[in-house]
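Enquirer: I have a structure here, written as structure tokens, and I will follow up with some questions on it.
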Amino acid sequence: MKEEDKLSPWQNKLHEIIYEADTPMGKLFDIILFILIIFSIILIMLESVKSIDQEYHRVLLILEWVITIFFTIEYIARIICIKKPSKYIFSFYGIIDFLSTIPLYLSYIFAGSQVLLAVRAFRLLRVFRILKLVQFLGEASQLKNALKASRAKITVFLFAVLIVAVMMGTLMYMVEGDEAGFTSIPTSIYWTIVTLTTVGYGDIAPITPSGQFIATIIMLLGYGIIAVPTGIVTAEFGRQTRDKTGNLSPGKYIHVNTQACPSCTKEGHRDDATHCYNCGTVLNEE
């Protein structure tokens, strides 16, 4: 690695505090950040209540500015303590952090834009780091792969369900008609989908014996429809636990930590990893 590509000691320390939650300072930073996000969202909620806003508008505004300044400093700090700032700036969290910081500044240009501060709720996703749920990222990765592998089957299944809904909806329109609320085929299809998914709003109901018989069949189909996607994903998830030889390895997962790469900001590295799995950068520079 070139000398100019290395982070200075203070940048490494800042990176450790901001991007990692396995150290005492990292945990403290994340907890403070989490509390401020919650507090900021509460302020936005209170500001939307007209009676509260009229009486405490100045106080709410001052508190929101304090939090916004903190988030601005945090955003800048996240940029300066990594080797490739663009990796963070254009990442999911980078975009969310930016969008959650600028609305109050924009409010002086475009009235009412401070409401966009509610986007900070997305930053609560970092709660998974604070609660140490990252130890389940290995299993979460398996679930993601299972869903990805199942998408073709699930797509075909949903298409088949749509065909059934159209057919049954059209049939119910012919059997029931306007008197029962089936005023059009789209309305009948809506009722069929609501019935298939077992939601049953009750705004439309069949009144003829034939319609009630068809509705009974649709209701029974609904239970089967719920079970099919679950079975597809479960089967794929089971395959994810097999190793390359085809032997089932229950409970054999790769546990990862919160360490973030100082170059590309990727998280989820193995505890014994010395280099980033994404870009190959050394993780622990002395």
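Scheme for the structure tokens: letters A, B, ... for chains in order shown; per-chain residue numbers from 1; ligand numbers from 1 in order shown.
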Each residue of range 20-70 of chain A with at least one atom at most 12 Å from range 99-109 of chain A should appear once, together with its nearest atom pair and the corresponding distance in Å (one decimal); atoms considered: only C-alpha atoms; ordering: chain, then increasing residue number; output as JSON lines.
Expert:
{"residue": "A:Ile37", "atom": "CA", "partner": "A:Ser100", "partner_atom": "CA", "distance": 9.8}
{"residue": "A:Ser40", "atom": "CA", "partner": "A:Ser100", "partner_atom": "CA", "distance": 10.3}
{"residue": "A:Ile41", "atom": "CA", "partner": "A:Ser100", "partner_atom": "CA", "distance": 10.7}
{"residue": "A:Ile44", "atom": "CA", "partner": "A:Leu104", "partner_atom": "CA", "distance": 11.2}
{"residue": "A:Leu61", "atom": "CA", "partner": "A:Leu104", "partner_atom": "CA", "distance": 9.4}
{"residue": "A:Ile62", "atom": "CA", "partner": "A:Leu104", "partner_atom": "CA", "distance": 11.1}
{"residue": "A:Leu63", "atom": "CA", "partner": "A:Leu104", "partner_atom": "CA", "distance": 11.7}
{"residue": "A:Glu64", "atom": "CA", "partner": "A:Leu104", "partner_atom": "CA", "distance": 8.2}
{"residue": "A:Trp65", "atom": "CA", "partner": "A:Leu104", "partner_atom": "CA", "distance": 7.6}
{"residue": "A:Val66", "atom": "CA", "partner": "A:Leu104", "partner_atom": "CA", "distance": 10.9}
{"residue": "A:Ile67", "atom": "CA", "partner": "A:Thr101", "partner_atom": "CA", "distance": 9.2}
{"residue": "A:Thr68", "atom": "CA", "partner": "A:Thr101", "partner_atom": "CA", "distance": 6.0}
{"residue": "A:Ile69", "atom": "CA", "partner": "A:Thr101", "partner_atom": "CA", "distance": 8.3}
{"residue": "A:Phe70", "atom": "CA", "partner": "A:Thr101", "partner_atom": "CA", "distance": 9.3}
Enquirer: Limited to C-alpha atoms, could you put the picked residues into a file as a compact mmCIF listing (two decimals), in the first residue's frame?
Expert:
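Okay, part-v9.txt is ready:
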# COMPACT_ATOMS: atom_id res chain seq x y z
CA ILE A 37 -31.97 10.21 16.21
CA SER A 40 -34.91 14.33 16.67
CA ILE A 41 -37.84 12.26 15.42
CA ILE A 44 -40.48 16.47 14.40
CA LEU A 61 -36.24 24.96 16.49
CA ILE A 62 -33.18 25.54 18.68
CA LEU A 63 -33.06 21.87 19.71
CA GLU A 64 -33.42 20.78 16.10
CA TRP A 65 -30.56 23.06 15.08
CA VAL A 66 -28.33 21.59 17.81
CA ILE A 67 -29.04 18.07 16.56
CA THR A 68 -28.62 19.07 12.91
CA ILE A 69 -25.21 20.61 13.63
CA PHE A 70 -24.17 17.40 15.39
Enquirer: Considering only C-alpha atoms, return as a ChimeraX atom specification whatever protein or nucleic-acid residues lie within 12 Å of Asp178 in chain A, sequence-local ones (same chain, fewer than 2 positions apart) excluded.
Expert: /A:172-176,180-185,187-188,204-207
Enquirer: Between A:Ala165, A:Ala149, A:Ile95, A:Leu196, which is the closest to Ile232 in chain A once you count only C-alpha atoms?
Expert: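 The closest residue to Ile232 in chain A is A:Ala149.
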Enquirer: Would you mind listing what lies within 8 Å of Glu20 in chain A as a list in words, with only C-alpha atoms counted and same-chain residues fewer than 6 positions away left out?
Expert: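 That gives Gly26, Lys27, Thr258, Gln259 and Ala260 of chain A.
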Enquirer: Kindly export the residues of the current selection with C-alpha atoms, as a short mmCIF file (atom, residue, chain, number, x, y, z; two decimals), in the first residue's frame.
Expert:
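As written to disk, part.cif reads:
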data_model
loop_
_atom_site.label_atom_id
_atom_site.label_comp_id
_atom_site.auth_asym_id
_atom_site.auth_seq_id
_atom_site.Cartn_x
_atom_site.Cartn_y
_atom_site.Cartn_z
CA GLY A 26 -17.55 2.98 19.26
CA LYS A 27 -20.40 1.67 21.38
CA THR A 258 -19.01 -4.67 13.16
CA GLN A 259 -15.58 -3.77 11.80
CA ALA A 260 -15.84 -1.51 8.76
#
Enquirer: Which one is closest to His15 in chain A: A:Ile35, A:Ile189, A:Ala160, A:Leu283? Count only C-alpha atoms.
Expert: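 Checking each candidate against His15 in chain A, we get A:Leu283 as the closest.
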Enquirer: For range 192-195 of chain A, work out the shell of residues within 7 Å, counting only C-alpha atoms and skipping chain neighbours fewer than 4 positions away, then give it as a list in words.
Expert: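 Answer for this query is Ala165, Met168, Gly169, Ser188, Val199, Gly200, Ile218 and Met219 of chain A.
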Enquirer: Any chance you can output those residues with C-alpha atoms as a PDB file, in the first residue's frame?
Expert:
ATOM      1  CA  ALA A 165     -57.939 -13.787  -8.904  1.00  0.00           C
ATOM      2  CA  MET A 168     -62.645 -15.919  -9.786  1.00  0.00           C
ATOM      3  CA  GLY A 169     -63.326 -12.196  -9.789  1.00  0.00           C
ATOM      4  CA  SER A 188     -64.717  -8.198  -8.070  1.00  0.00           C
ATOM      5  CA  VAL A 199     -57.880  -9.996   5.048  1.00  0.00           C
ATOM      6  CA  GLY A 200     -61.654  -9.837   4.588  1.00  0.00           C
ATOM      7  CA  ILE A 218     -61.585 -18.924  -2.524  1.00  0.00           C
ATOM      8  CA  MET A 219     -61.207 -18.771   1.262  1.00  0.00           C
TER       9      MET A 219
END
Enquirer: Pick the closest to Ile76 in chain A from A:Ile18, A:Val161, A:Phe213, A:Leu33: which is it, counting only C-alpha atoms?
Expert: A:Ile18
Enquirer: Write out as a list in words each polymer residue whose atoms come within 7 Å of Ser263 in chain A, counting only C-alpha atoms; drop sequence neighbours fewer than 6 positions from it.
Expert: Ile82, Lys83, Lys84 and Thr281 of chain A
Enquirer: Output C-alpha atoms for every residue in that selection, as a PDB file, in the first residue's frame.
Expert:
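This is the output file selection35.pdb:
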ATOM      1  CA  ILE A  82     -12.002   6.833   5.125  1.00  0.00           C
ATOM      2  CA  LYS A  83      -9.625   6.497   2.180  1.00  0.00           C
ATOM      3  CA  LYS A  84     -12.297   6.635  -0.512  1.00  0.00           C
ATOM      4  CA  THR A 281      -7.584  -3.352   2.160  1.00  0.00           C
TER       5      THR A 281
END
Enquirer: Just the number, please: distance in Å from CA of Ile80 in chain A to CA of Arg270 in chain A, one decimal.
Expert: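 Interatomic distance, CA of Ile80 in chain A to CA of Arg270 in chain A: 25.2 Å.
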Enquirer: Which residues are close to Asn278 in chain A, i.e. within 9 Å by only C-alpha atoms, leaving aside same-chain residues fewer than 5 positions away? Reply as an MDAnalysis selection string.
Expert: chainID A and resid 261 264 266
